[in-house]
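Source file: my_file.pdb; contents: PDB, C-alpha atoms and all ligand atoms.
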ATOM      1  CA  MET T   1     166.330-119.125  82.604
ATOM      2  CA  LEU T   2     162.799-117.875  83.251
ATOM      3  CA  GLU T   3     159.330-118.449  81.842
ATOM      4  CA  GLN T   4     157.312-115.281  81.593
ATOM      5  CA  THR T   5     154.181-113.981  79.901
ATOM      6  CA  VAL T   6     155.449-111.080  77.837
ATOM      7  CA  GLN T   7     153.519-108.277  76.216
ATOM      8  CA  ILE T   8     154.033-107.037  72.665
ATOM      9  CA  VAL T   9     155.102-103.384  72.639
ATOM     10  CA  SER T  10     155.409-103.210  68.849
ATOM     11  CA  ASN T  11     155.634-105.614  65.928
ATOM     12  CA  ASP T  12     156.542-103.691  62.782
ATOM     13  CA  ARG T  13     157.643-104.737  59.345
ATOM     14  CA  ASP T  14     161.378-104.015  58.920
ATOM     15  CA  THR T  15     161.886-105.002  55.283
ATOM     16  CA  GLU T  16     159.607-106.901  52.932
ATOM     17  CA  LEU T  17     160.556-110.137  54.682
ATOM     18  CA  TYR T  18     161.479-109.257  58.259
ATOM     19  CA  PHE T  19     159.636-107.952  61.308
ATOM     20  CA  ARG T  20     160.919-106.296  64.490
ATOM     21  CA  LEU T  21     159.135-107.504  67.578
ATOM     22  CA  VAL T  22     159.609-105.564  70.818
ATOM     23  CA  LEU T  23     158.491-107.385  73.972
ATOM     24  CA  ARG T  24     158.118-106.117  77.504
ATOM     25  CA  ALA T  25     159.984-108.827  79.422
ATOM     26  CA  PRO T  26     161.195-107.230  82.671
ATOM     27  CA  ARG T  27     162.493-110.449  84.225
ATOM     28  CA  ILE T  28     164.253-111.856  81.151
ATOM     29  CA  ALA T  29     165.696-108.720  79.485
ATOM     30  CA  PRO T  30     168.281-107.807  82.170
ATOM     31  CA  LEU T  31     169.786-111.321  82.074
ATOM     32  CA  VAL T  32     170.442-111.555  78.323
ATOM     33  CA  GLN T  33     173.966-112.229  77.036
ATOM     34  CA  PRO T  34     174.906-111.852  73.332
ATOM     35  CA  GLY T  35     174.085-114.963  71.298
ATOM     36  CA  GLN T  36     171.354-116.191  73.641
ATOM     37  CA  PHE T  37     167.820-116.841  72.463
ATOM     38  CA  ALA T  38     164.222-116.763  73.642
ATOM     39  CA  HIS T  39     161.787-119.610  73.072
ATOM     40  CA  LEU T  40     158.393-118.138  72.261
ATOM     41  CA  ARG T  41     154.996-119.762  72.536
ATOM     42  CA  ILE T  42     152.744-118.022  70.044
ATOM     43  CA  LEU T  43     149.521-118.267  72.002
ATOM     44  CA  PRO T  44     146.954-117.801  69.166
ATOM     45  CA  LEU T  45     148.604-120.612  67.164
ATOM     46  CA  LYS T  46     146.784-123.991  67.031
ATOM     47  CA  ASP T  47     149.982-125.921  67.893
ATOM     48  CA  ALA T  48     150.886-123.287  70.494
ATOM     49  CA  LEU T  49     152.540-125.960  72.645
ATOM     50  CA  LEU T  50     155.511-125.978  70.235
ATOM     51  CA  ARG T  51     157.674-122.962  70.945
ATOM     52  CA  ARG T  52     159.787-121.151  68.331
ATOM     53  CA  PRO T  53     163.398-120.106  69.080
ATOM     54  CA  PHE T  54     164.609-116.576  68.185
ATOM     55  CA  SER T  55     167.936-114.858  68.856
ATOM     56  CA  ILE T  56     167.671-111.855  71.102
ATOM     57  CA  PHE T  57     168.471-108.892  68.898
ATOM     58  CA  GLN T  58     168.414-105.910  71.255
ATOM     59  CA  VAL T  59     167.813-105.223  74.936
ATOM     60  CA  SER T  60     166.707-101.898  76.345
ATOM     61  CA  GLY T  61     165.628-101.561  79.972
ATOM     62  CA  ASP T  62     162.799-104.028  80.508
ATOM     63  CA  THR T  63     162.253-104.755  76.811
ATOM     64  CA  LEU T  64     163.900-107.125  74.398
ATOM     65  CA  SER T  65     163.609-107.211  70.604
ATOM     66  CA  ILE T  66     163.570-109.967  68.068
ATOM     67  CA  LEU T  67     164.138-109.689  64.349
ATOM     68  CA  TYR T  68     162.254-112.443  62.575
ATOM     69  CA  LYS T  69     161.503-113.624  59.081
ATOM     70  CA  ASN T  70     158.011-114.770  58.202
ATOM     71  CA  VAL T  71     158.747-118.319  57.026
ATOM     72  CA  GLY T  72     155.872-120.490  58.180
ATOM     73  CA  GLN T  73     152.841-121.077  60.331
ATOM     74  CA  GLY T  74     154.168-119.687  63.609
ATOM     75  CA  THR T  75     155.932-116.611  62.272
ATOM     76  CA  ASP T  76     152.947-115.845  60.043
ATOM     77  CA  VAL T  77     150.577-115.779  63.036
ATOM     78  CA  LEU T  78     153.177-113.803  64.979
ATOM     79  CA  SER T  79     153.450-111.237  62.172
ATOM     80  CA  ARG T  80     149.737-110.480  62.561
ATOM     81  CA  MET T  81     149.884-109.879  66.324
ATOM     82  CA  GLY T  82     149.956-106.354  67.691
ATOM     83  CA  PRO T  83     150.717-104.164  70.714
ATOM     84  CA  GLY T  84     149.172-105.332  73.978
ATOM     85  CA  GLU T  85     148.849-108.981  72.886
ATOM     86  CA  GLU T  86     150.753-111.580  74.885
ATOM     87  CA  LEU T  87     153.209-114.404  74.220
ATOM     88  CA  SER T  88     154.841-116.864  76.573
ATOM     89  CA  ALA T  89     158.642-116.613  76.588
ATOM     90  CA  ILE T  90     161.357-118.794  78.088
ATOM     91  CA  GLY T  91     164.723-117.107  78.229
ATOM     92  CA  PRO T  92     167.414-116.176  78.080
ATOM     93  CA  LEU T  93     168.466-119.603  76.790
ATOM     94  CA  GLY T  94     171.705-121.132  75.609
ATOM     95  CA  HIS T  95     175.384-120.492  75.827
ATOM     96  CA  GLY T  96     176.199-117.268  73.948
ATOM     97  CA  PHE T  97     179.279-115.601  72.444
ATOM     98  CA  THR T  98     182.393-114.623  74.395
ATOM     99  CA  VAL T  99     182.237-110.834  74.551
ATOM    100  CA  PRO T 100     185.547-109.422  73.228
ATOM    101  CA  PRO T 101     187.378-107.716  76.103
ATOM    102  CA  ALA T 102     189.138-104.332  75.831
ATOM    103  CA  GLY T 103     192.603-104.758  74.306
ATOM    104  CA  GLY T 104     191.764-108.292  73.129
ATOM    105  CA  GLU T 105     191.422-109.723  69.646
ATOM    106  CA  THR T 106     189.759-107.601  66.941
ATOM    107  CA  PRO T 107     186.338-109.125  66.325
ATOM    108  CA  LEU T 108     185.321-109.981  62.755
ATOM    109  CA  LEU T 109     181.569-110.604  62.813
ATOM    110  CA  VAL T 110     180.056-112.549  59.918
ATOM    111  CA  ALA T 111     176.286-112.651  59.498
ATOM    112  CA  GLY T 112     173.952-114.110  56.929
ATOM    113  CA  GLY T 113     170.183-113.525  56.917
ATOM    114  CA  TYR T 114     168.676-113.378  60.392
ATOM    115  CA  GLY T 115     172.154-114.129  61.787
ATOM    116  CA  MET T 116     172.523-110.356  62.015
ATOM    117  CA  ALA T 117     170.039-110.415  64.879
ATOM    118  CA  ALA T 118     172.387-112.547  66.974
ATOM    119  CA  MET T 119     175.332-110.275  66.192
ATOM    120  CA  TYR T 120     173.994-106.893  67.208
ATOM    121  CA  LEU T 121     174.216-107.365  70.993
ATOM    122  CA  LEU T 122     177.702-108.803  70.589
ATOM    123  CA  ALA T 123     178.820-105.682  68.705
ATOM    124  CA  GLU T 124     177.111-103.417  71.226
ATOM    125  CA  ARG T 125     178.673-105.099  74.269
ATOM    126  CA  SER T 126     182.107-105.745  72.754
ATOM    127  CA  ARG T 127     184.843-103.642  74.374
ATOM    128  CA  GLN T 128     186.719-103.733  71.090
ATOM    129  CA  LYS T 129     185.307-102.462  67.789
ATOM    130  CA  GLY T 130     185.843-104.508  64.647
ATOM    131  CA  VAL T 131     184.341-105.265  61.271
ATOM    132  CA  VAL T 132     180.882-106.690  60.501
ATOM    133  CA  PHE T 133     180.488-108.671  57.285
ATOM    134  CA  VAL T 134     176.854-108.891  56.306
ATOM    135  CA  GLY T 135     175.601-111.053  53.467
ATOM    136  CA  GLY T 136     172.312-111.949  51.848
ATOM    137  CA  ARG T 137     170.757-112.954  48.554
ATOM    138  CA  ARG T 138     169.292-109.524  47.785
ATOM    139  CA  ARG T 139     169.173-105.998  49.190
ATOM    140  CA  MET T 140     166.052-106.845  51.207
ATOM    141  CA  ASP T 141     167.965-109.553  53.113
ATOM    142  CA  ILE T 142     170.411-107.004  54.515
ATOM    143  CA  LEU T 143     169.356-105.957  57.986
ATOM    144  CA  CYS T 144     170.636-103.642  60.710
ATOM    145  CA  GLU T 145     173.190-101.851  58.537
ATOM    146  CA  LYS T 146     172.538 -98.462  60.097
ATOM    147  CA  GLU T 147     172.487 -99.911  63.631
ATOM    148  CA  PHE T 148     175.974-101.365  63.208
ATOM    149  CA  ARG T 149     177.220 -98.102  61.716
ATOM    150  CA  ALA T 150     175.713 -96.189  64.651
ATOM    151  CA  LEU T 151     177.824 -98.365  66.975
ATOM    152  CA  GLY T 152     180.913 -97.174  65.086
ATOM    153  CA  TRP T 153     181.675-100.529  63.474
ATOM    154  CA  GLU T 154     182.982-100.854  59.950
ATOM    155  CA  ILE T 155     180.422-102.733  57.878
ATOM    156  CA  ARG T 156     180.962-104.624  54.618
ATOM    157  CA  VAL T 157     177.881-105.697  52.726
ATOM    158  CA  THR T 158     177.655-108.395  50.060
ATOM    159  CA  THR T 159     174.626-109.564  48.110
ATOM    160  CA  GLU T 160     174.554-112.548  45.789
ATOM    161  CA  ASP T 161     172.705-110.579  43.084
ATOM    162  CA  GLY T 162     174.843-107.453  43.532
ATOM    163  CA  SER T 163     171.795-105.287  44.367
ATOM    164  CA  HIS T 164     173.599-103.844  47.395
ATOM    165  CA  GLY T 165     177.253-103.729  48.409
ATOM    166  CA  GLU T 166     179.781-106.042  46.801
ATOM    167  CA  LYS T 167     178.430-108.822  44.555
ATOM    168  CA  GLY T 168     179.092-112.344  45.816
ATOM    169  CA  LEU T 169     179.195-114.380  48.976
ATOM    170  CA  VAL T 170     179.877-112.902  52.403
ATOM    171  CA  THR T 171     182.951-115.109  52.762
ATOM    172  CA  GLN T 172     184.793-113.258  49.938
ATOM    173  CA  PRO T 173     185.549-110.035  51.867
ATOM    174  CA  VAL T 174     186.286-112.143  54.964
ATOM    175  CA  ILE T 175     189.005-113.987  53.010
ATOM    176  CA  GLY T 176     190.402-110.616  51.857
ATOM    177  CA  GLU T 177     190.502-109.379  55.443
ATOM    178  CA  LEU T 178     192.270-112.534  56.702
ATOM    179  CA  GLN T 179     194.778-112.350  53.832
ATOM    180  CA  ARG T 180     195.749-108.878  55.088
ATOM    181  CA  GLY T 181     196.681-110.409  58.446
ATOM    182  CA  THR T 182     195.436-112.850  61.041
ATOM    183  CA  ALA T 183     197.280-111.818  64.195
ATOM    184  CA  GLY T 184     194.884-110.705  66.904
ATOM    185  CA  ARG T 185     191.750-111.461  64.865
ATOM    186  CA  LYS T 186     188.798-113.560  65.950
ATOM    187  CA  LEU T 187     185.807-114.657  63.860
ATOM    188  CA  PHE T 188     182.232-114.788  65.170
ATOM    189  CA  ALA T 189     179.470-116.015  62.865
ATOM    190  CA  CYS T 190     175.747-116.695  62.702
ATOM    191  CA  GLY T 191     173.811-117.632  59.582
ATOM    192  CA  PRO T 192     172.953-120.560  57.298
ATOM    193  CA  THR T 193     174.882-123.799  57.875
ATOM    194  CA  PRO T 194     176.858-123.684  54.563
ATOM    195  CA  MET T 195     178.102-120.208  55.533
ATOM    196  CA  LEU T 196     179.075-121.424  59.015
ATOM    197  CA  LYS T 197     180.893-124.380  57.512
ATOM    198  CA  ALA T 198     182.808-122.057  55.162
ATOM    199  CA  ILE T 199     183.766-119.827  58.107
ATOM    200  CA  ALA T 200     184.940-122.888  60.075
ATOM    201  CA  GLN T 201     187.120-123.885  57.096
ATOM    202  CA  LEU T 202     188.602-120.371  56.942
ATOM    203  CA  ALA T 203     189.279-120.490  60.686
ATOM    204  CA  GLU T 204     191.238-123.738  60.153
ATOM    205  CA  GLU T 205     193.045-122.517  57.049
ATOM    206  CA  PHE T 206     194.095-119.160  58.557
ATOM    207  CA  ASN T 207     194.481-120.578  62.073
ATOM    208  CA  VAL T 208     192.289-117.999  63.772
ATOM    209  CA  PRO T 209     189.886-118.536  66.683
ATOM    210  CA  ALA T 210     186.203-118.613  65.760
ATOM    211  CA  GLU T 211     182.852-118.949  67.498
ATOM    212  CA  LEU T 212     179.788-120.068  65.543
ATOM    213  CA  SER T 213     176.110-119.938  66.462
ATOM    214  CA  MET T 214     174.668-123.277  65.331
ATOM    215  CA  ASP T 215     170.927-122.748  64.915
ATOM    216  CA  GLU T 216     169.514-126.254  64.631
ATOM    217  CA  HIS T 217     165.830-127.161  64.744
ATOM    218  CA  MET T 218     164.711-127.153  68.354
ATOM    219  CA  CYS T 219     161.696-128.547  70.161
ATOM    220  CA  CYS T 220     162.049-128.137  73.936
ATOM    221  CA  GLY T 221     164.883-125.560  73.906
ATOM    222  CA  VAL T 222     165.931-126.576  77.406
ATOM    223  CA  GLY T 223     168.048-129.694  76.957
ATOM    224  CA  VAL T 224     165.443-132.469  77.307
ATOM    225  CA  CYS T 225     164.315-133.715  73.856
ATOM    226  CA  LEU T 226     167.712-134.048  72.057
ATOM    227  CA  THR T 227     166.312-132.855  68.679
ATOM    228  CA  CYS T 228     168.990-130.175  68.391
ATOM    229  CA  VAL T 229     172.257-132.127  68.785
ATOM    230  CA  ILE T 230     175.423-131.707  66.709
ATOM    231  CA  PRO T 231     178.669-133.734  66.825
ATOM    232  CA  VAL T 232     181.432-132.013  68.780
ATOM    233  CA  LYS T 233     185.051-133.206  69.024
ATOM    234  CA  THR T 234     186.279-134.428  72.413
ATOM    235  CA  ALA T 235     189.618-135.722  73.690
ATOM    236  CA  ASN T 236     188.508-139.288  72.802
ATOM    237  CA  GLY T 237     186.757-138.644  69.490
ATOM    238  CA  TRP T 238     183.408-136.881  69.383
ATOM    239  CA  GLU T 239     180.054-136.721  71.155
ATOM    240  CA  TYR T 240     176.658-135.202  70.473
ATOM    241  CA  GLN T 241     176.036-131.907  72.253
ATOM    242  CA  ARG T 242     172.785-129.960  72.505
ATOM    243  CA  THR T 243     172.732-126.683  70.611
ATOM    244  CA  CYS T 244     170.032-125.360  72.971
ATOM    245  CA  THR T 245     172.117-125.766  76.128
ATOM    246  CA  GLU T 246     175.811-126.429  75.339
ATOM    247  CA  GLY T 247     175.283-124.061  72.360
ATOM    248  CA  PRO T 248     174.042-122.447  70.226
ATOM    249  CA  VAL T 249     177.545-120.924  70.219
ATOM    250  CA  PHE T 250     180.446-123.383  69.791
ATOM    251  CA  ASP T 251     184.154-123.099  69.143
ATOM    252  CA  ALA T 252     184.361-123.641  65.363
ATOM    253  CA  HIS T 253     187.455-125.835  65.728
ATOM    254  CA  ARG T 254     185.515-128.311  67.891
ATOM    255  CA  ILE T 255     182.628-129.020  65.519
ATOM    256  CA  ALA T 256     182.957-132.466  63.879
ATOM    257  CA  TRP T 257     181.672-131.438  60.435
ATOM    258  CA  GLU T 258     182.603-134.750  58.773
ATOM    259  CA  THR T 259     180.476-136.647  61.302
ATOM    260  CA  ALA T 260     177.583-134.213  60.835
ATOM    261  CA  GLU T 261     177.306-135.003  57.084
TER     262      GLU T 261
HETATM  263  C1  LIG F   1     168.847-120.586  68.282
HETATM  264  C2  LIG F   1     167.971-120.111  67.143
HETATM  265  C3  LIG F   1     167.845-118.759  66.892
HETATM  266  C4  LIG F   1     167.013-118.309  65.870
HETATM  267  N1  LIG F   1     166.918-116.968  65.671
HETATM  268  C5  LIG F   1     166.111-116.494  64.713
HETATM  269  C6  LIG F   1     165.987-115.089  64.505
HETATM  270  O1  LIG F   1     166.615-114.271  65.187
HETATM  271  N2  LIG F   1     165.157-114.670  63.506
HETATM  272  C7  LIG F   1     164.453-115.554  62.711
HETATM  273  O2  LIG F   1     163.728-115.119  61.828
HETATM  274  N3  LIG F   1     164.544-116.895  62.898
HETATM  275  C8  LIG F   1     165.342-117.383  63.876
HETATM  276  N4  LIG F   1     165.444-118.742  64.064
HETATM  277  C9  LIG F   1     164.639-119.638  63.210
HETATM  278  C10 LIG F   1     163.204-119.675  63.732
HETATM  279  O3  LIG F   1     163.172-120.384  64.950
HETATM  280  C11 LIG F   1     162.286-120.378  62.718
HETATM  281  O4  LIG F   1     162.253-119.634  61.521
HETATM  282  C12 LIG F   1     160.886-120.497  63.266
HETATM  283  O5  LIG F   1     160.862-121.437  64.320
HETATM  284  C13 LIG F   1     159.925-120.927  62.177
HETATM  285  O6  LIG F   1     158.642-121.111  62.756
HETATM  286  P1  LIG F   1     157.367-121.219  61.847
HETATM  287  O7  LIG F   1     156.282-121.881  62.631
HETATM  288  O8  LIG F   1     157.030-119.906  61.223
HETATM  289  O9  LIG F   1     157.854-122.127  60.656
HETATM  290  P2  LIG F   1     157.480-123.631  60.353
HETATM  291  O10 LIG F   1     156.124-123.641  59.679
HETATM  292  O11 LIG F   1     157.665-124.502  61.553
HETATM  293  O12 LIG F   1     158.614-123.948  59.316
HETATM  294  C14 LIG F   1     158.805-123.127  58.151
HETATM  295  C15 LIG F   1     160.252-123.144  57.720
HETATM  296  O13 LIG F   1     161.102-122.710  58.781
HETATM  297  C16 LIG F   1     162.107-123.680  59.044
HETATM  298  N5  LIG F   1     162.329-123.786  60.496
HETATM  299  C17 LIG F   1     161.413-124.217  61.405
HETATM  300  N6  LIG F   1     161.971-124.239  62.639
HETATM  301  C18 LIG F   1     163.252-123.824  62.487
HETATM  302  C19 LIG F   1     164.343-123.668  63.383
HETATM  303  N7  LIG F   1     164.249-123.941  64.666
HETATM  304  N8  LIG F   1     165.507-123.216  62.876
HETATM  305  C20 LIG F   1     165.636-122.956  61.593
HETATM  306  N9  LIG F   1     164.643-123.093  60.683
HETATM  307  C21 LIG F   1     163.483-123.533  61.126
HETATM  308  C22 LIG F   1     161.530-124.987  58.499
HETATM  309  O14 LIG F   1     162.555-125.861  58.064
HETATM  310  C23 LIG F   1     160.729-124.535  57.341
HETATM  311  O15 LIG F   1     161.519-124.394  56.183
HETATM  312  C24 LIG F   1     166.288-119.247  65.057
HETATM  313  C25 LIG F   1     166.424-120.605  65.297
HETATM  314  C26 LIG F   1     167.255-121.045  66.316
HETATM  315  C27 LIG F   1     167.401-122.507  66.573
HETATM  316  S1  LIG F   2     165.814-128.549  71.776
HETATM  317 FE1  LIG F   2     165.360-130.140  73.167
HETATM  318  S2  LIG F   2     167.350-130.776  73.805
HETATM  319 FE2  LIG F   2     167.727-129.063  72.553
END
Just give me the structure as structure tokens.
Amino acid sequence: MLEQTVQIVSNDRDTELYFRLVLRAPRIAPLVQPGQFAHLRILPLKDALLRRPFSIFQVSGDTLSILYKNVGQGTDVLSRMGPGEELSAIGPLGHGFTVPPAGGETPLLVAGGYGMAAMYLLAERSRQKGVVFVGGRRRMDILCEKEFRALGWEIRVTTEDGSHGEKGLVTQPVIGELQRGTAGRKLFACGPTPMLKAIAQLAEEFNVPAELSMDEHMCCGVGVCLTCVIPVKTANGWEYQRTCTEGPVFDAHRIAWETAE
């Protein structure tokens, strides 16, 4: 984990809601593992002391990219920054996904909203190609479709309003896929908590391994403040674990959902 002043290479609108931020981060970029995140201090922001966590979407040489949605104060200021301006970044942070080895289980990647950002590096580094299930409310929520296709992955798109791909929730085609067979399949997911919970239930029901990226609200991002904890099952019951350090990726079968409610 390193703290570095990073320079914006580009910061372009991707869809109506999302931006692609490319940062020159020569010390952080080479260390990134799929599912890890960067904690950014948006220097022009009044409360710049509070960093914002973002999954690392792509890595290329000494640059890393982030795919972010403009949802509030910090991302709004960020969306108006341009090439040459600087941010402070801590990264790579967190415990990421297990990269599928050659000849191992077939990965089934499930992504909702900005969860696609966390999935791209996993697909790129996986030694085994699989299927990516991408879901969103509308067409404009569907990101990275052509990038996943370019990697040679099969991609299944669902939108809740039916404006792109199959109409419905992203879990529907996942259920169909698991009904066709579960042997040698493994689920990986990142997205809104209800979607992650549904994927955890499917993992139990179909008895397949699953890793989930649990993106909780984070303050420090480095294991000190305990704002980001979730209950995780242990041999003796359960304990709180930090999503910024023990996670954000957890074994779905170990998350104590009942305790979390
Ligand atoms: C590990 C991790 C990875 C993430 N990766 C991405 C990513 O790749 N792309 C992306 O667009 N966003 C990602 N997020 C969410 C992102 O951190 C928040 O959207 C961002 O911090 C909002 O900052 P803001 O100042 O614009 O919003 P604020 O003004 O602080 O809040 C606006 C809205 O955003 C929500 N929000 C604030 N902080 C978080 C948070 N930490 N997690 C979830 N929602 C939050 C608030 O509930 C509120 O509804 C990730 C979060 C985590 C924990
Ligand atoms: S965000 Fe501070 S301990 Fe996780």
What do you get, as number ranges by chain, if you spell out every residue that the PyMOL selection byres (((not hetatm)) within 9 of (chain F and resi 2)) selects here?
T: 216-229, 241-246
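Between atom CA of Ile42 of chain T and atom CA of Glu16 of chain T lies a distance of 21.5 Å.
Atom CA of Glu205 of chain T to atom CA of Arg254 of chain T spans 14.4 Å [interatomic distance, one decimal].
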Protein and nucleic residues near ligand LIG 1 (chain F), 8 Å, all atoms listed in the file, as a ChimeraX atom specification
/T:18,36-38,51-57,66-77,94,114-118,213-219,243-244,248
Determine, counting only C-alpha atoms, which protein, DNA and RNA residues have an atom within 9 Å of an atom of Ser88 of chain T; residues of the same chain fewer than 5 positions away are not included. Present the result as a PyMOL selection string.
chain T and resi 3-7+39-43+51
Calculated over all atoms listed in the file, which of the candidates T:Ile199, T:Met81, T:Leu45, T:Val208 has the smallest distance to Gly181 of chain T?
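Among T:Ile199, T:Met81, T:Leu45, T:Val208, it is T:Val208 that comes nearest to Gly181 of chain T.
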With all atoms listed in the file counted, which protein, DNA or RNA residues have an atom no more than 8 Å from (184.6, -100.1, 65.8) in the file frame? Please answer as a list of chain:residue names.
T:Gln128, T:Lys129, T:Gly130, T:Val131, T:Leu151, T:Gly152, T:Trp153, T:Glu154
Among listed residues T:Thr15, T:Leu178, T:Leu64, T:Leu50, nearest Pro30 of chain T (using all atoms listed in the file):
T:Leu64
Would you work out the distance separating atom CA of Cys190 of chain T from atom CA of Thr98 of chain T, expressed in Å to one decimal?
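These atoms are spaced 13.6 Å apart.
Nearest residue to Leu17 of chain T among T:Ile142, T:Ala210, T:Ala111, T:Val134 is T:Ile142, counting all atoms listed in the file.
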Using the chain letters and numbers from this file, what does the PyMOL selection byres (((chain T and resi 110) around 7) and not hetatm) select? Give the answer as an NGL selection string.
:T and (108-109 or 111-112 or 132-134 or 188-190)
Would you mind exporting the chosen residues as a compact mmCIF listing (two decimals), keeping the file's coordinate frame, restricted to C-alpha atoms?
# COMPACT_ATOMS: atom_id res chain seq x y z
CA LEU T 108 185.32 -109.98 62.76
CA LEU T 109 181.57 -110.60 62.81
CA ALA T 111 176.29 -112.65 59.50
CA GLY T 112 173.95 -114.11 56.93
CA VAL T 132 180.88 -106.69 60.50
CA PHE T 133 180.49 -108.67 57.28
CA VAL T 134 176.85 -108.89 56.31
CA PHE T 188 182.23 -114.79 65.17
CA ALA T 189 179.47 -116.02 62.86
CA CYS T 190 175.75 -116.70 62.70
Take the PyMOL selection byres (((chain T and resi 163) around 12) and not hetatm), run it mentally on this structure, and tell me the resulting residues as a PyMOL selection string.
chain T and resi 135-142+157-162+164-168
Near Leu31 of chain T, counting only C-alpha atoms, which residues have an atom at most 10 Å away, once you skip same-chain residues fewer than 3 positions from it, shown as a PDB file with C-alpha atoms, keeping the file's coordinate frame?
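Output (result_28.pdb):
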ATOM      1  CA  MET T   1     166.330-119.125  82.604  1.00  0.00           C
ATOM      2  CA  LEU T   2     162.799-117.875  83.251  1.00  0.00           C
ATOM      3  CA  PRO T  26     161.195-107.230  82.671  1.00  0.00           C
ATOM      4  CA  ARG T  27     162.493-110.449  84.225  1.00  0.00           C
ATOM      5  CA  ILE T  28     164.253-111.856  81.151  1.00  0.00           C
ATOM      6  CA  GLN T  36     171.354-116.191  73.641  1.00  0.00           C
ATOM      7  CA  VAL T  59     167.813-105.223  74.936  1.00  0.00           C
ATOM      8  CA  GLY T  91     164.723-117.107  78.229  1.00  0.00           C
ATOM      9  CA  PRO T  92     167.414-116.176  78.080  1.00  0.00           C
ATOM     10  CA  LEU T  93     168.466-119.603  76.790  1.00  0.00           C
TER      11      LEU T  93
END
Return the padded bounding box of segment 105-122 of chain T as JSON: axis-aligned, built from all atoms listed in the file, 4 Å added on each side, with centre and edge lengths in Å to one decimal.
{"center_x": 180.0, "center_y": -110.5, "center_z": 64.0, "size_x": 30.7, "size_y": 15.2, "size_z": 22.1}
Have a look at T:Asp62, T:Gly113, T:Arg13, T:Gln172 and name the one nearest to Leu143 of chain T; count only C-alpha atoms.
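Under the stated criterion, the closest residue is T:Gly113.
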Can you tell me, as a PDB file with C-alpha atoms, keeping the file's coordinate frame, what residues are no more than 9 Å from Tyr120 of chain T when counting all atoms listed in the file, ignoring any on the same chain fewer than 4 positions away?
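Wrote around-v4.pdb, looks like this:
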ATOM      1  CA  PRO T  34     174.906-111.852  73.332  1.00  0.00           C
ATOM      2  CA  ILE T  56     167.671-111.855  71.102  1.00  0.00           C
ATOM      3  CA  PHE T  57     168.471-108.892  68.898  1.00  0.00           C
ATOM      4  CA  GLN T  58     168.414-105.910  71.255  1.00  0.00           C
ATOM      5  CA  MET T 116     172.523-110.356  62.015  1.00  0.00           C
ATOM      6  CA  GLU T 124     177.111-103.417  71.226  1.00  0.00           C
ATOM      7  CA  ARG T 125     178.673-105.099  74.269  1.00  0.00           C
ATOM      8  CA  CYS T 144     170.636-103.642  60.710  1.00  0.00           C
ATOM      9  CA  GLU T 147     172.487 -99.911  63.631  1.00  0.00           C
ATOM     10  CA  PHE T 148     175.974-101.365  63.208  1.00  0.00           C
TER      11      PHE T 148
END
